[in-house]
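The structure file structure.txt is reproduced below (compact mmCIF, C-alpha atoms (C1' of nucleotides)).
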# COMPACT_ATOMS: atom_id res chain seq x y z
CA MET A 1 -19.31 11.72 -197.49
CA ALA A 2 -20.13 15.29 -198.58
CA GLY A 3 -20.78 14.02 -202.08
CA ARG A 4 -23.37 11.61 -200.79
CA THR A 5 -25.68 14.04 -198.98
CA ASN A 6 -27.78 14.55 -202.11
CA LYS A 7 -27.34 11.10 -203.53
CA LYS A 8 -30.51 11.09 -205.60
CA VAL A 9 -29.55 14.19 -207.53
CA SER A 10 -25.95 13.28 -208.12
CA GLU A 11 -26.46 9.68 -209.21
CA PRO A 12 -26.27 10.34 -212.95
CA ILE A 13 -23.11 12.34 -212.40
CA GLU A 14 -21.60 9.52 -210.34
CA ALA A 15 -22.44 7.01 -213.03
CA LYS A 16 -20.83 9.22 -215.60
CA SER A 17 -17.71 9.56 -213.50
CA ARG A 18 -17.57 5.83 -213.02
CA ARG A 19 -17.70 5.25 -216.75
CA GLU A 20 -15.17 8.02 -217.37
CA ILE A 21 -12.77 6.37 -214.95
CA LEU A 22 -13.25 2.99 -216.64
CA ASP A 23 -12.73 4.49 -220.10
CA ALA A 24 -9.52 6.20 -219.01
CA ALA A 25 -8.35 3.04 -217.27
CA ALA A 26 -9.10 0.94 -220.36
CA ARG A 27 -7.04 3.27 -222.55
CA LEU A 28 -4.09 3.16 -220.15
CA LEU A 29 -4.33 -0.56 -219.38
CA ARG A 30 -4.34 -1.26 -223.10
CA SER A 31 -1.19 0.70 -223.83
CA GLN A 32 0.79 0.09 -220.64
CA GLY A 33 -0.48 -3.01 -218.87
CA TYR A 34 -1.56 -3.33 -215.25
CA LYS A 35 1.48 -2.33 -213.23
CA ALA A 36 2.48 0.62 -215.37
CA THR A 37 -1.01 2.08 -215.16
CA THR A 38 -1.18 4.20 -212.01
CA LEU A 39 -4.24 5.52 -210.26
CA ARG A 40 -2.69 8.97 -210.56
CA ASP A 41 -2.56 8.61 -214.37
CA ILE A 42 -6.19 7.55 -214.48
CA ALA A 43 -7.27 10.36 -212.16
CA GLU A 44 -5.41 12.99 -214.17
CA GLU A 45 -7.17 11.95 -217.40
CA VAL A 46 -10.54 12.28 -215.70
CA GLY A 47 -9.63 15.55 -214.02
CA ILE A 48 -9.79 14.46 -210.40
CA ARG A 49 -7.32 13.53 -207.66
CA ALA A 50 -6.04 9.98 -207.24
CA ALA A 51 -7.61 9.58 -203.82
CA SER A 52 -11.01 10.50 -205.25
CA ILE A 53 -11.04 7.33 -207.30
CA TYR A 54 -11.77 5.50 -204.07
CA TYR A 55 -15.10 7.28 -203.95
CA HIS A 56 -16.09 5.20 -206.99
CA PHE A 57 -14.03 2.02 -206.69
CA GLU A 58 -12.59 -0.02 -203.86
CA SER A 59 -9.21 -0.72 -205.40
CA LYS A 60 -7.07 -0.68 -208.51
CA GLU A 61 -7.84 -4.38 -208.87
CA GLU A 62 -11.57 -3.69 -209.02
CA ILE A 63 -11.06 -1.16 -211.81
CA ALA A 64 -8.84 -3.47 -213.82
CA SER A 65 -11.16 -6.46 -213.38
CA THR A 66 -14.17 -4.41 -214.44
CA VAL A 67 -12.44 -3.16 -217.58
CA MET A 68 -11.02 -6.55 -218.57
CA ASN A 69 -14.16 -8.57 -217.93
CA GLU A 70 -16.48 -6.09 -219.60
CA GLY A 71 -14.20 -6.28 -222.64
CA VAL A 72 -14.41 -10.04 -222.91
CA ASP A 73 -18.13 -10.13 -222.09
CA TRP A 74 -18.95 -7.62 -224.83
CA VAL A 75 -17.38 -9.94 -227.37
CA PHE A 76 -19.14 -12.93 -225.84
CA ASP A 77 -22.51 -11.17 -225.99
CA ALA A 78 -21.97 -9.98 -229.58
CA VAL A 79 -21.01 -13.42 -230.90
CA THR A 80 -23.73 -15.21 -228.93
CA ALA A 81 -26.43 -12.83 -230.17
CA THR A 82 -25.21 -13.07 -233.75
CA LEU A 83 -25.28 -16.86 -233.76
CA GLN A 84 -28.71 -16.96 -232.13
CA HIS A 85 -30.27 -14.64 -234.69
CA LEU A 86 -28.95 -16.54 -237.67
CA PRO A 87 -31.72 -18.13 -239.77
CA ALA A 88 -32.20 -21.85 -239.35
CA SER A 89 -31.08 -22.29 -242.97
CA ALA A 90 -27.58 -21.02 -242.15
CA GLY A 91 -24.95 -23.69 -242.66
CA ILE A 92 -21.76 -24.17 -240.69
CA ASN A 93 -19.80 -21.95 -243.11
CA ASP A 94 -22.27 -19.13 -242.54
CA ARG A 95 -22.09 -19.61 -238.78
CA VAL A 96 -18.30 -19.48 -238.63
CA THR A 97 -18.15 -16.48 -240.94
CA ALA A 98 -20.79 -14.65 -238.89
CA ALA A 99 -18.96 -15.43 -235.64
CA ILE A 100 -15.69 -14.11 -237.05
CA ALA A 101 -17.37 -10.89 -238.18
CA ALA A 102 -19.11 -10.43 -234.82
CA HIS A 103 -15.87 -11.06 -232.95
CA LEU A 104 -13.92 -8.57 -235.04
CA ASN A 105 -16.65 -5.94 -234.86
CA ALA A 106 -16.88 -6.22 -231.08
CA LEU A 107 -13.10 -6.23 -230.76
CA HIS A 108 -12.90 -3.01 -232.74
CA LYS A 109 -15.92 -1.28 -231.23
CA HIS A 110 -14.62 -1.66 -227.67
CA SER A 111 -11.00 -1.93 -228.61
CA ASP A 112 -9.64 -0.24 -225.48
CA TYR A 113 -11.46 -2.68 -223.24
CA THR A 114 -10.78 -5.82 -225.26
CA SER A 115 -7.13 -4.98 -225.82
CA ALA A 116 -6.77 -4.08 -222.15
CA ALA A 117 -8.05 -7.55 -221.31
CA MET A 118 -5.20 -9.10 -223.29
CA LYS A 119 -2.41 -6.66 -222.51
CA SER A 120 -3.02 -6.50 -218.77
CA TYR A 121 -3.49 -10.20 -218.21
CA ALA A 122 0.24 -10.91 -218.04
CA ASP A 123 1.17 -8.59 -215.18
CA ALA A 124 -2.09 -8.40 -213.24
CA PRO A 125 -2.23 -9.79 -209.68
CA ASP A 126 -3.62 -13.28 -209.18
CA PRO A 127 -7.20 -12.42 -208.18
CA VAL A 128 -7.59 -10.29 -211.31
CA ARG A 129 -6.08 -13.00 -213.50
CA GLN A 130 -8.31 -15.74 -212.12
CA LEU A 131 -11.48 -13.76 -212.70
CA ALA A 132 -10.32 -12.86 -216.19
CA ARG A 133 -9.56 -16.50 -216.94
CA GLU A 134 -13.13 -17.50 -216.13
CA HIS A 135 -14.56 -14.91 -218.48
CA ARG A 136 -12.13 -16.00 -221.21
CA ARG A 137 -13.01 -19.64 -220.83
CA ARG A 138 -16.70 -18.91 -221.05
CA TYR A 139 -16.09 -17.11 -224.33
CA GLU A 140 -13.75 -19.69 -225.79
CA SER A 141 -16.30 -22.45 -225.22
CA ILE A 142 -18.34 -20.88 -228.04
CA TRP A 143 -15.45 -21.54 -230.38
CA VAL A 144 -14.91 -25.07 -229.19
CA ARG A 145 -18.39 -26.03 -230.34
CA LEU A 146 -18.29 -23.94 -233.51
CA ILE A 147 -14.98 -25.35 -234.79
CA ASP A 148 -15.87 -28.89 -233.73
CA ASP A 149 -18.99 -28.60 -235.86
CA ALA A 150 -17.06 -27.21 -238.81
CA VAL A 151 -14.49 -30.01 -238.68
CA ALA A 152 -17.20 -32.66 -238.33
CA ALA A 153 -18.97 -31.19 -241.37
CA GLY A 154 -15.79 -31.46 -243.45
CA ALA A 155 -15.72 -27.70 -244.01
CA THR A 156 -12.13 -27.22 -242.83
CA PRO A 157 -8.64 -27.94 -244.22
CA PRO A 158 -7.95 -31.70 -244.29
CA GLY A 159 -5.55 -33.09 -241.71
CA VAL A 160 -5.98 -30.19 -239.28
CA SER A 161 -7.35 -31.12 -235.86
CA SER A 162 -10.24 -29.23 -234.36
CA GLU A 163 -8.02 -27.99 -231.55
CA THR A 164 -5.26 -26.65 -233.78
CA LEU A 165 -7.79 -24.96 -236.03
CA ARG A 166 -9.51 -23.29 -233.08
CA LEU A 167 -6.24 -22.03 -231.61
CA ALA A 168 -5.12 -20.83 -235.04
CA ALA A 169 -8.43 -19.01 -235.48
CA LEU A 170 -8.27 -17.33 -232.09
CA GLY A 171 -4.65 -16.37 -232.75
CA MET A 172 -5.55 -14.70 -236.04
CA LEU A 173 -8.48 -12.91 -234.46
CA ASN A 174 -6.86 -11.80 -231.24
CA TRP A 175 -3.68 -10.63 -232.92
CA SER A 176 -5.62 -8.29 -235.20
CA PRO A 177 -5.83 -5.37 -232.74
CA GLU A 178 -2.04 -5.19 -233.06
CA TRP A 179 -2.27 -4.07 -236.67
CA TYR A 180 -5.86 -3.28 -237.66
CA ARG A 181 -6.55 0.40 -238.27
CA ALA A 182 -10.03 1.71 -239.04
CA GLY A 183 -9.62 2.98 -242.60
CA ARG A 184 -7.57 0.01 -243.77
CA GLN A 185 -10.43 -2.14 -245.01
CA SER A 186 -13.92 -2.96 -243.81
CA ILE A 187 -14.19 -5.40 -240.95
CA ASP A 188 -16.70 -7.48 -242.88
CA ARG A 189 -14.23 -7.79 -245.75
CA LEU A 190 -11.53 -8.86 -243.31
CA ALA A 191 -13.90 -11.37 -241.73
CA ALA A 192 -14.59 -12.87 -245.16
CA GLU A 193 -10.86 -13.24 -245.80
CA PHE A 194 -10.29 -14.89 -242.42
CA ALA A 195 -13.16 -17.28 -243.13
CA ALA A 196 -11.64 -18.11 -246.53
CA ILE A 197 -8.40 -19.06 -244.77
CA LEU A 198 -10.07 -21.28 -242.18
CA LEU A 199 -12.74 -22.94 -244.34
CA ARG A 200 -12.99 -24.70 -247.68
CA MET B 1 36.36 -2.87 -208.71
CA ALA B 2 37.60 -5.78 -206.58
CA GLY B 3 36.09 -8.15 -209.08
CA ARG B 4 38.12 -6.61 -211.86
CA THR B 5 41.64 -6.95 -210.34
CA ASN B 6 42.11 -10.35 -211.96
CA LYS B 7 39.99 -9.70 -215.01
CA LYS B 8 41.55 -12.34 -217.26
CA VAL B 9 40.83 -15.14 -214.82
CA SER B 10 37.30 -14.06 -213.96
CA GLU B 11 36.04 -13.39 -217.47
CA PRO B 12 34.28 -16.73 -217.94
CA ILE B 13 32.59 -16.29 -214.59
CA GLU B 14 31.46 -12.80 -215.53
CA ALA B 15 30.09 -14.07 -218.81
CA LYS B 16 28.22 -16.76 -216.95
CA SER B 17 26.75 -14.24 -214.54
CA ARG B 18 25.71 -12.03 -217.39
CA ARG B 19 23.86 -14.88 -219.06
CA GLU B 20 22.33 -15.93 -215.75
CA ILE B 21 20.99 -12.44 -215.27
CA LEU B 22 19.56 -12.38 -218.79
CA ASP B 23 17.94 -15.79 -218.33
CA ALA B 24 16.31 -14.73 -215.07
CA ALA B 25 15.22 -11.44 -216.62
CA ALA B 26 13.74 -13.23 -219.63
CA ARG B 27 11.72 -15.52 -217.39
CA LEU B 28 10.37 -12.59 -215.36
CA LEU B 29 9.81 -10.27 -218.32
CA ARG B 30 7.85 -13.03 -220.00
CA SER B 31 5.49 -13.60 -217.12
CA GLN B 32 5.18 -10.07 -215.73
CA GLY B 33 6.13 -7.53 -218.39
CA TYR B 34 8.64 -4.69 -218.09
CA LYS B 35 7.38 -2.58 -215.21
CA ALA B 36 6.43 -5.43 -212.92
CA THR B 37 9.85 -7.01 -213.31
CA THR B 38 12.13 -5.46 -210.69
CA LEU B 39 15.90 -5.54 -210.52
CA ARG B 40 15.53 -6.93 -207.01
CA ASP B 41 13.51 -9.89 -208.38
CA ILE B 42 16.13 -10.59 -211.01
CA ALA B 43 18.97 -10.32 -208.50
CA GLU B 44 17.26 -12.66 -206.06
CA GLU B 45 16.88 -15.38 -208.70
CA VAL B 46 20.58 -15.15 -209.53
CA GLY B 47 21.58 -15.02 -205.88
CA ILE B 48 23.13 -11.54 -205.78
CA ARG B 49 22.12 -8.08 -204.56
CA ALA B 50 20.17 -5.71 -206.75
CA ALA B 51 22.99 -3.16 -206.82
CA SER B 52 25.39 -5.81 -208.12
CA ILE B 53 23.47 -6.02 -211.36
CA TYR B 54 25.05 -2.69 -212.25
CA TYR B 55 28.42 -4.45 -212.34
CA HIS B 56 27.14 -6.30 -215.43
CA PHE B 57 24.62 -3.90 -216.99
CA GLU B 58 24.17 -0.17 -217.16
CA SER B 59 20.43 -0.10 -216.59
CA LYS B 60 17.19 -2.03 -216.48
CA GLU B 61 16.54 -0.83 -220.01
CA GLU B 62 19.76 -2.41 -221.25
CA ILE B 63 18.78 -5.76 -219.75
CA ALA B 64 15.30 -5.65 -221.22
CA SER B 65 16.54 -4.58 -224.65
CA THR B 66 19.13 -7.35 -224.71
CA VAL B 67 16.59 -10.01 -223.80
CA MET B 68 13.93 -8.79 -226.21
CA ASN B 69 16.22 -8.26 -229.19
CA GLU B 70 18.08 -11.53 -228.73
CA GLY B 71 14.70 -13.27 -228.70
CA VAL B 72 13.61 -11.78 -232.01
CA ASP B 73 17.04 -12.20 -233.60
CA TRP B 74 17.17 -15.89 -232.72
CA VAL B 75 13.96 -16.43 -234.65
CA PHE B 76 15.25 -14.30 -237.52
CA ASP B 77 18.49 -16.28 -237.69
CA ALA B 78 16.71 -19.64 -237.52
CA VAL B 79 14.25 -18.84 -240.29
CA THR B 80 16.89 -17.19 -242.48
CA ALA B 81 19.25 -20.15 -242.16
CA THR B 82 16.48 -22.65 -242.83
CA LEU B 83 15.38 -20.89 -246.02
CA GLN B 84 18.95 -20.55 -247.25
CA HIS B 85 19.74 -24.23 -246.80
CA LEU B 86 16.65 -25.40 -248.64
CA PRO B 87 17.45 -27.27 -251.90
CA ALA B 88 16.94 -25.31 -255.09
CA SER B 89 14.18 -27.74 -256.00
CA ALA B 90 12.06 -26.63 -253.04
CA GLY B 91 8.80 -25.03 -254.16
CA ILE B 92 6.96 -22.20 -252.46
CA ASN B 93 4.88 -24.62 -250.38
CA ASP B 94 8.04 -26.23 -249.06
CA ARG B 95 9.52 -22.82 -248.28
CA VAL B 96 6.50 -21.60 -246.34
CA THR B 97 6.19 -24.87 -244.43
CA ALA B 98 9.90 -24.82 -243.57
CA ALA B 99 9.69 -21.20 -242.40
CA ILE B 100 6.72 -21.99 -240.17
CA ALA B 101 8.55 -24.94 -238.62
CA ALA B 102 11.72 -22.90 -238.08
CA HIS B 103 9.74 -20.07 -236.52
CA LEU B 104 7.89 -22.39 -234.14
CA ASN B 105 11.04 -24.29 -233.20
CA ALA B 106 12.93 -21.08 -232.42
CA LEU B 107 9.96 -19.66 -230.56
CA HIS B 108 9.81 -22.74 -228.37
CA LYS B 109 13.55 -23.24 -227.93
CA HIS B 110 14.06 -19.72 -226.57
CA SER B 111 10.52 -19.28 -225.36
CA ASP B 112 11.38 -17.07 -222.38
CA TYR B 113 13.23 -14.61 -224.61
CA THR B 114 10.76 -14.61 -227.49
CA SER B 115 7.73 -14.37 -225.23
CA ALA B 116 9.45 -11.64 -223.22
CA ALA B 117 9.84 -9.69 -226.46
CA MET B 118 6.10 -9.75 -226.99
CA LYS B 119 4.89 -9.39 -223.40
CA SER B 120 7.22 -6.55 -222.44
CA TYR B 121 6.75 -4.49 -225.57
CA ALA B 122 3.52 -2.90 -224.32
CA ASP B 123 4.83 -1.31 -221.14
CA ALA B 124 8.51 -0.79 -221.93
CA PRO B 125 9.88 2.78 -222.09
CA ASP B 126 10.22 4.42 -225.50
CA PRO B 127 13.93 3.73 -226.18
CA VAL B 128 13.39 0.02 -225.53
CA ARG B 129 10.28 -0.04 -227.72
CA GLN B 130 11.96 1.70 -230.63
CA LEU B 131 14.90 -0.68 -230.68
CA ALA B 132 12.55 -3.65 -230.41
CA ARG B 133 10.47 -2.32 -233.29
CA GLU B 134 13.51 -2.27 -235.59
CA HIS B 135 14.33 -5.89 -234.83
CA ARG B 136 10.70 -6.89 -235.37
CA ARG B 137 10.51 -5.10 -238.68
CA ARG B 138 13.67 -6.77 -239.91
CA TYR B 139 12.16 -10.15 -239.10
CA GLU B 140 8.75 -9.45 -240.57
CA SER B 141 10.30 -8.47 -243.89
CA ILE B 142 11.12 -12.15 -244.40
CA TRP B 143 7.42 -12.91 -244.25
CA VAL B 144 6.48 -10.09 -246.59
CA ARG B 145 8.53 -11.68 -249.36
CA LEU B 146 7.55 -15.26 -248.52
CA ILE B 147 3.81 -14.65 -248.49
CA ASP B 148 3.96 -12.38 -251.54
CA ASP B 149 5.63 -15.25 -253.42
CA ALA B 150 3.05 -17.75 -252.20
CA VAL B 151 0.14 -15.56 -253.27
CA ALA B 152 1.75 -14.86 -256.66
CA ALA B 153 2.21 -18.61 -257.18
CA GLY B 154 -1.48 -19.24 -256.51
CA ALA B 155 -0.67 -21.45 -253.52
CA THR B 156 -2.94 -19.61 -251.09
CA PRO B 157 -6.69 -19.38 -250.44
CA PRO B 158 -8.43 -17.47 -253.24
CA GLY B 159 -9.61 -13.93 -252.52
CA VAL B 160 -7.24 -13.40 -249.60
CA SER B 161 -4.78 -10.55 -250.01
CA SER B 162 -1.10 -11.06 -249.37
CA GLU B 163 -1.23 -8.63 -246.46
CA THR B 164 -4.17 -10.27 -244.69
CA LEU B 165 -2.63 -13.68 -245.16
CA ARG B 166 0.70 -12.53 -243.71
CA LEU B 167 -0.94 -10.90 -240.69
CA ALA B 168 -3.12 -13.97 -240.17
CA ALA B 169 -0.04 -16.21 -240.36
CA LEU B 170 1.95 -14.12 -237.88
CA GLY B 171 -1.07 -14.00 -235.58
CA MET B 172 -1.37 -17.80 -235.58
CA LEU B 173 2.35 -18.22 -235.01
CA ASN B 174 2.86 -15.56 -232.38
CA TRP B 175 -0.21 -16.54 -230.40
CA SER B 176 1.02 -20.12 -230.05
CA PRO B 177 3.26 -19.49 -227.00
CA GLU B 178 0.02 -18.69 -225.15
CA TRP B 179 -1.15 -22.28 -225.39
CA TYR B 180 1.60 -24.56 -226.73
CA ARG B 181 2.99 -26.99 -224.17
CA ALA B 182 5.89 -29.31 -224.96
CA GLY B 183 4.25 -32.75 -224.77
CA ARG B 184 1.11 -31.68 -226.58
CA GLN B 185 2.23 -32.59 -230.07
CA SER B 186 5.44 -32.28 -232.04
CA ILE B 187 6.28 -28.85 -233.36
CA ASP B 188 6.82 -30.23 -236.84
CA ARG B 189 3.33 -31.73 -236.78
CA LEU B 190 1.91 -28.37 -235.66
CA ALA B 191 3.86 -26.61 -238.42
CA ALA B 192 2.36 -28.97 -241.00
CA GLU B 193 -1.13 -28.20 -239.73
CA PHE B 194 -0.52 -24.46 -239.83
CA ALA B 195 0.78 -24.79 -243.38
CA ALA B 196 -2.33 -26.77 -244.34
CA ILE B 197 -4.46 -23.88 -243.09
CA LEU B 198 -2.53 -21.19 -244.96
CA LEU B 199 -1.86 -23.04 -248.24
CA ARG B 200 -3.74 -25.09 -250.79
C1' DC C 1 -14.71 14.81 -204.23
C1' DC C 2 -10.53 17.20 -201.63
C1' DT C 3 -5.88 17.85 -198.72
C1' DA C 4 -2.51 15.67 -196.30
C1' DC C 5 -0.05 11.90 -195.52
C1' DC C 6 1.96 6.95 -194.75
C1' DG C 7 4.65 2.70 -195.39
C1' DA C 8 6.50 0.09 -199.07
C1' DT C 9 9.06 -0.27 -202.99
C1' DC C 10 11.36 1.16 -206.99
C1' DG C 11 15.77 2.26 -210.13
C1' DG C 12 19.88 3.88 -209.33
C1' DT C 13 24.37 5.92 -206.86
C1' DA C 14 28.41 6.28 -203.53
C1' DG C 15 32.12 4.10 -202.02
C1' DG C 16 34.50 0.32 -201.22
C1' DC D 1 30.29 -8.14 -206.02
C1' DC D 2 28.76 -5.83 -201.24
C1' DT D 3 26.47 -2.33 -197.64
C1' DA D 4 24.18 1.72 -197.13
C1' DC D 5 21.39 4.91 -198.85
C1' DC D 6 18.57 8.49 -201.75
C1' DG D 7 14.76 10.77 -204.22
C1' DA D 8 10.71 9.52 -206.60
C1' DT D 9 6.59 7.23 -206.86
C1' DC D 10 3.18 3.93 -205.78
C1' DG D 11 -1.58 2.11 -203.74
C1' DG D 12 -4.10 3.27 -200.20
C1' DT D 13 -6.02 5.71 -195.68
C1' DA D 14 -7.68 9.51 -192.44
C1' DG D 15 -10.69 12.89 -192.03
C1' DG D 16 -13.41 16.10 -193.78
Please go through the file and, once you have read it, give me the structure as structure tokens.
Amino acid sequence: MAGRTNKKVSEPIEAKSRREILDAAARLLRSQGYKATTLRDIAEEVGIRAASIYYHFESKEEIASTVMNEGVDWVFDAVTATLQHLPASAGINDRVTAAIAAHLNALHKHSDYTSAAMKSYADAPDPVRQLAREHRRRYESIWVRLIDDAVAAGATPPGVSSETLRLAALGMLNWSPEWYRAGRQSIDRLAAEFAAILLR
Amino acid sequence: MAGRTNKKVSEPIEAKSRREILDAAARLLRSQGYKATTLRDIAEEVGIRAASIYYHFESKEEIASTVMNEGVDWVFDAVTATLQHLPASAGINDRVTAAIAAHLNALHKHSDYTSAAMKSYADAPDPVRQLAREHRRRYESIWVRLIDDAVAAGATPPGVSSETLRLAALGMLNWSPEWYRAGRQSIDRLAAEFAAILLR
DNA sequence: CCTACCGATCGGTAGG
DNA sequence: CCTACCGATCGGTAGG
């Protein structure tokens, strides 16, 4: 309660601490998963005591859910905005290529959060998983429409169903944080190569 | 020690218990990762006490390493054998398609072990990770040669480097346990579709 | 945001 | 393969 007496003044500091906790949690959740990430680890990285985390969050589950869902939502927002701002003249090939680039850029820009969303999903408790699943599904629905359109337009490999192509695409994309390192090659170049694999 | 007095007679039973423990561990490691999988959970599934696991294994790390490395090695063996038994007349397209099918079949046949190898890698302790990395690298070297050959033969999408194509292929393949369910479609059909995406 | 602490649970050991 | 147990560590609470 002491920290709340001058709430107005300390609000920016609290917000900063909240983000610092989430950043530290994202880094740890990404590399260790849910169970292996302890509140004491997170607190130590931020420079506070474990119990003090409860001044900012209600539970470990709240922290993990926030990190994981923000990660997925950032990618959703990036891809949605990119597709919306494409000129009307853009064909389906342009749309798919732009979506791939936006996805990869968002994945890399917030890589701790987005990777945490994937790595922690397996061993997170049910309430965290269920929330995460909803955010995932919302994002994946973008790709359902996009790949359906591409297949209907005849822009994809012959004999490959829309569903297989979409799952192949998401596999390629979501596996990339396992190996992509910044200096390796530009993300836009990588996006162009991925598009060349999926389209023709 | 009581269990060892008549060692000759009880050996098959011990071997069975050992495999039962590994099977239970694989199932749990796959769905929960390393840290969240407890020796008590494993023991309960097998119908023994947690302490009795130490009659069969020296540590939790030994169990996890065995599961994870057997999973990767099964895939390695399956793909290696398939490529070796291909007729001399088989072209590079046939070789890649056969390797994809062998990989997917092995992945699905021992899905608890192979998925455990991927899901537990993130939060396993260093000794377990390092051993797992060696097995992975040995397997991936098959794909380095295979995809290099395919690119050199001009059988792949133009403008896509051998490295990107290999990482895209492994991403597609290794992501499939996330969504593949047995009745969905035959694995050979899926392999043909994956090959159609990667080759032309 | 802190100190002090709790009940639960973990991997592992002793000894049979 | 069992009972009994240990030290360490966890998420979380009390109270300030």
Output the contact residues of chain B with respect to chain C at a cut-off of 8 Å, based on all atoms listed in the file, as a list in words. Thr38, Leu39 and Lys60 of chain B
Grab the residues selected above and save them as a PDB file, in the coordinates of the input with C-alpha atoms.
ATOM      1  CA  THR B  38      12.130  -5.460-210.690  1.00  0.00           C
ATOM      2  CA  LEU B  39      15.900  -5.540-210.520  1.00  0.00           C
ATOM      3  CA  LYS B  60      17.190  -2.030-216.480  1.00  0.00           C
TER       4      LYS B  60
END
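Straight-line separation from CA of Gly183 (chain A) to CA of His110 (chain A): 16.4 Å.
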Do me a favour and pick out the residues of chain B within 8 Å of chain A, using only C-alpha atoms, as number ranges by chain. B: 31-33, 35-36, 119, 122-124, 157-161, 164-165, 167-176, 190, 193-194, 196-198
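CA of Leu28 (chain B) is positioned 17.9 Å from CA of His56 (chain B).
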Contacts of region 64-81 of chain A within 7 Å, all atoms listed in the file, excl. fewer than 6 positions in-chain, as an NGL selection string: :A and (22 or 26 or 99 or 102-103 or 106-107 or 110 or 113-114 or 116-117 or 128 or 132 or 135-136 or 139)
When you draw a straight line from CA of Asp149 (chain A) to CA of Ala98 (chain A), how long is it in Å? 14.4 Å
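If you measure from each of A:Gln130, A:Thr82, A:Ser17, A:Ser59 to Asn105 (chain A) using only C-alpha atoms, the closest one turns out to be A:Thr82.
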